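> My questions will all concern the structure given below.
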Amino acid sequence: MPGTYVPTDYLPVLVFLIIALGFGLGALLFGFLLRPRRPYAEKLSPYESGMLPEGEPRQKFTVRYYIIAILFVVFDVEAVFMYPWAVAFNKIGLYAFVEMMLFILILAVGYIYAWRKDAFVWD
Amino acid sequence: MTLANLRPMAPELILIALGLVLLMLDLICRKKEMLAIVTLIGAILAFYFIKGSHGGLFDGMFIADLYSNFFKTVFIINLLLSTLISVKYLDTERALHGEYYALLVFATVGMMTMASAGNLIVLYLGLELMSLSIYVLCGFLRNNIKSTESAIKYFLLGAFSTAILLYAISLLYGSTGSTDFNKIANAVAVMGAGAALKPLLLFSVALFVTAVGFKIAAVPFHMWSPDVYEGAPTSVTAFMSVGPKAAGFAIIGKIFFVAIFGLHVEWVKLLIPISVATMITGNVLAISQTNIKRMLAYSSIAHAGYALLGILTADGDGLTAAMNYMLIYMFMNVGAFAVVIMLRTEDFAGDELKDYLGLAKTHPLAAFLMMIFMFSLTGIPPTAGFIGKFYIFTALIHSGQLKLAVAGVLISVISAFFYLRVVMYMYMKDPEVETPVSDSLYLKVALAISVVMVIVIGVFPGKFIEFAKASLILQ
């Protein structure tokens, strides 16, 4: 059919997906067939040698966890971008240096803002 | 690549820098009025740089052309007017936080990015920047339960509509193999008549109509807007009843008129009932409102319906008329909200219809300005609202949609009832309570700009129509 778009570039992704699925399911099936099965109450509890779970999992958490998580994501992503930049630094030169400085500057604004607004204070 | 190569996105870069500066200034500056002044200066600077912005950047992902510059003009004027009406209002509401202006600026950058997108991904990026900033702005009065409710409602429904947009984008990408608007257009053109037979493409068109319909608050995707508009701080309501709506029309131009124009028979079929239902629902439900913010919310739904009429001609004239309508709508709507804000003073909410009783006797100037804006929203000459509707209906008639034009005119007669009721309350009744008004200089400047523009566009529309016409990408 004319104009029909066939995404051939994605064939390796499809193959990879099938292999991943097969590997995961295969390993589970393999274990299921081979392993001995001797269940008892203690073994079936959620944390075999941990504390007994208590109450509902849907409790109120303090909103501070959320802020910490967001701050973590921001700086984690920053590090992810900086690593390849640092590795390729002597090939990409001054322009990339200025670009990275701008990127850090923008994140620094967020950092200073969070700092001054006491986002790092845990009370 | 040097800094000079980035000239096409200079207005956006200036505004991003402005947003960052505002965040830092907020930490050191005690007098929050300073932040408003910095916002105004920065926005005027960005406005000045719109004019010379031409060309594509980043392999055509970002395109500054006359079309996007038209919308950027609208967005920045909207930012300026919203900043002006906010200064005193925030003080009255005890919500003087510096983040407010930074969020307004970031939301405007998002809208500008949407108007400049050459690619579905960039469009999505701009949409998210705009939406996330506005979700926060809606809930800006943290101790006010209605404001918080409005933010939650807008966030939940907004996130849902964004998901629908992403689904539409993925289907369009899946069936055409590109996220670039021009490449999608080519792919659709190659399919020819076969395109309309592809279920995936059609599904994607329907999802685009849904997602964009949410952003411009078209029926049946309008449910959020009255509650959100009523609960949000009034200055934010003014900002968001114009900004995201104009941005919605900007991306309609990009998606419907460029990327999937080959399917225009299909999307026009969907838009005809939507636009008629939007006009009827907005106008009829506005009649029963007693809160002026809610009334203006329903009126803003109805106006999206009129502007959609221009879109469904699927030709350049109609798109010009819709763009022009957005420009006009901005001045008259922000003007009306500025009057509502004027009535908000210490200990007095001033957003009920009965607060307008006899306003002409106590505050003749405020009443006169409100009357002009109400006339303009109704579409009575010589105000700008008349010109906006006139060009929409002319474009409809030229494209042969006579029935829709007649329906539009008839439905807009209904709107006269509730707009003119405000005028009647102000001029023909006696005041029940003493309504105080605010005396902010900033607010007065915003009102002066809006009223002058409403009259000037109404009397000399030629220049503005030419401006919109010259901005069109497809001729």
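Just remember, in the structure tokens the first chain shown is A, the second B, etc., residues are 1-based per chain, and ligands are 1-based in the order shown.
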Using DSSP secondary structure from the backbone, list all helix (DSSP H, G or I) positions within stretch 306-412 of chain B, as a PyMOL selection string.

chain B and resi 306-311+316-342+353-356+359-362+364-378+384-398+402-412

> Got a sec to pull out which chain B residues are within 12 Å of chain A, counting only C-alpha atoms, and send them as a PyMOL selection string?

chain B and resi 1-3+13+16-28+97-99+171-178+184-195+198+200-201

> Show which residues sit within 8 Å of B:Val205, as an NGL selection string. Count only C-alpha atoms, and ignore same-chain residues fewer than 2 positions away.

:B and (168 or 201-203 or 207-209 or 266-267)

> Save the residues we just selected, N, CA and C atoms, as a short mmCIF file (atom, residue, chain, number, x, y, z; two decimals), in the first residue's frame?


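Output saved as result01.cif:
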data_model
loop_
_atom_site.label_atom_id
_atom_site.label_comp_id
_atom_site.auth_asym_id
_atom_site.auth_seq_id
_atom_site.Cartn_x
_atom_site.Cartn_y
_atom_site.Cartn_z
N ALA B 168 -2.73 10.66 21.29
CA ALA B 168 -2.94 11.14 19.92
C ALA B 168 -1.61 11.28 19.21
N LEU B 201 -5.28 6.69 12.12
CA LEU B 201 -5.20 8.12 11.87
C LEU B 201 -6.46 8.82 12.36
N LEU B 202 -7.60 8.23 12.05
CA LEU B 202 -8.87 8.85 12.44
C LEU B 202 -8.98 8.93 13.96
N PHE B 203 -8.54 7.86 14.61
CA PHE B 203 -8.58 7.83 16.06
C PHE B 203 -7.70 8.94 16.62
N LEU B 207 -8.69 12.11 19.03
CA LEU B 207 -8.03 12.37 20.30
C LEU B 207 -7.43 13.78 20.34
N PHE B 208 -6.92 14.24 19.19
CA PHE B 208 -6.42 15.61 19.14
C PHE B 208 -7.54 16.61 19.42
N VAL B 209 -8.70 16.35 18.79
CA VAL B 209 -9.84 17.24 19.01
C VAL B 209 -10.20 17.26 20.50
N GLU B 266 -12.46 15.27 7.82
CA GLU B 266 -12.79 14.50 9.03
C GLU B 266 -12.88 15.40 10.26
N TRP B 267 -11.85 16.28 10.47
CA TRP B 267 -11.92 17.07 11.70
C TRP B 267 -12.97 18.16 11.66
#

> Which distance in Å separates atom CA of B:Ser150 and atom CA of B:Val228, to one decimal?

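About the pair atom CA of B:Ser150 and atom CA of B:Val228: they are 4.3 Å apart.
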
> If I take atom CA of B:Val454 and atom CA of B:Gly385, how far is one from the other in Å, to one decimal?

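Atom-to-atom, atom CA of B:Val454 to atom CA of B:Gly385, that is 7.6 Å.
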
> Pull the strand (DSSP E) assignments for stretch 22-146 of chain B out of DSSP run on the backbone, and list those residues as a list of chain:residue names.

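Here is the list: B:Gly55, B:Gly56, B:Leu57, B:Phe62, B:Ile63, B:Ala64.
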
> Neighbours of B:Phe348 within 12 Å (only C-alpha atoms; same-chain residues fewer than 6 positions away dropped), as a PyMOL selection string?

chain B and resi 92-93+340-342+355+433-438

> Go through B:Leu104, B:Ala297, B:Leu353, B:Ala163 and flag the residue nearest B:Ser225, using only C-alpha atoms for the distances.

B:Ala297

> Tell me which protein, DNA and RNA residues are within 8 Å of stretch 63-75 of chain A, counting only C-alpha atoms, leaving out same-chain ones fewer than 3 positions away, and put them as a PyMOL selection string.

chain A and resi 78-79+107+119-120+122

> Quick one: residues within 10 Å of A:Phe103, only C-alpha atoms, excluding same-chain residues fewer than 5 positions away - as a PyMOL selection string?

chain A and resi 78+81-82+97-98+108

> I'd like the interatomic distance between atom CA of B:Ala314 and atom CA of B:Ile252, to a tenth of an Å.

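Straight-line distance from atom CA of B:Ala314 to atom CA of B:Ile252 works out to 10.8 Å.
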
> Kindly indicate which residue among B:His303, B:Lys72, B:Ile216, B:Glu346 lies nearest to B:Asp91, using only C-alpha atoms for the distances.

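Of B:His303, B:Lys72, B:Ile216, B:Glu346, the one nearest B:Asp91 is B:Glu346, counting only C-alpha atoms.
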
> What's around B:Ile50 at 8 Å? Count only C-alpha atoms, leave out sequence neighbours fewer than 4 positions away in its own chain, and write the answer as a PDB file with N, CA and C atoms, in the first residue's frame.


ATOM      1  N   ALA B  10      14.954  34.550  20.867  1.00  0.00           N
ATOM      2  CA  ALA B  10      15.320  35.589  21.836  1.00  0.00           C
ATOM      3  C   ALA B  10      14.194  35.917  22.823  1.00  0.00           C
ATOM      4  N   PRO B  11      12.922  36.090  22.372  1.00  0.00           N
ATOM      5  CA  PRO B  11      11.886  36.421  23.354  1.00  0.00           C
ATOM      6  C   PRO B  11      11.746  35.373  24.444  1.00  0.00           C
ATOM      7  N   ALA B  46      11.122  41.506  26.053  1.00  0.00           N
ATOM      8  CA  ALA B  46      10.834  40.332  25.228  1.00  0.00           C
ATOM      9  C   ALA B  46       9.906  40.712  24.079  1.00  0.00           C
ATOM     10  N   ASN B  69       4.780  34.638  15.818  1.00  0.00           N
ATOM     11  CA  ASN B  69       4.982  35.973  16.383  1.00  0.00           C
ATOM     12  C   ASN B  69       3.659  36.654  16.711  1.00  0.00           C
ATOM     13  N   LYS B  72       2.710  35.176  19.963  1.00  0.00           N
ATOM     14  CA  LYS B  72       3.614  35.634  21.032  1.00  0.00           C
ATOM     15  C   LYS B  72       3.251  37.042  21.453  1.00  0.00           C
ATOM     16  N   THR B  73       2.842  37.854  20.486  1.00  0.00           N
ATOM     17  CA  THR B  73       2.376  39.201  20.826  1.00  0.00           C
ATOM     18  C   THR B  73       1.207  39.116  21.788  1.00  0.00           C
TER      19      THR B  73
END
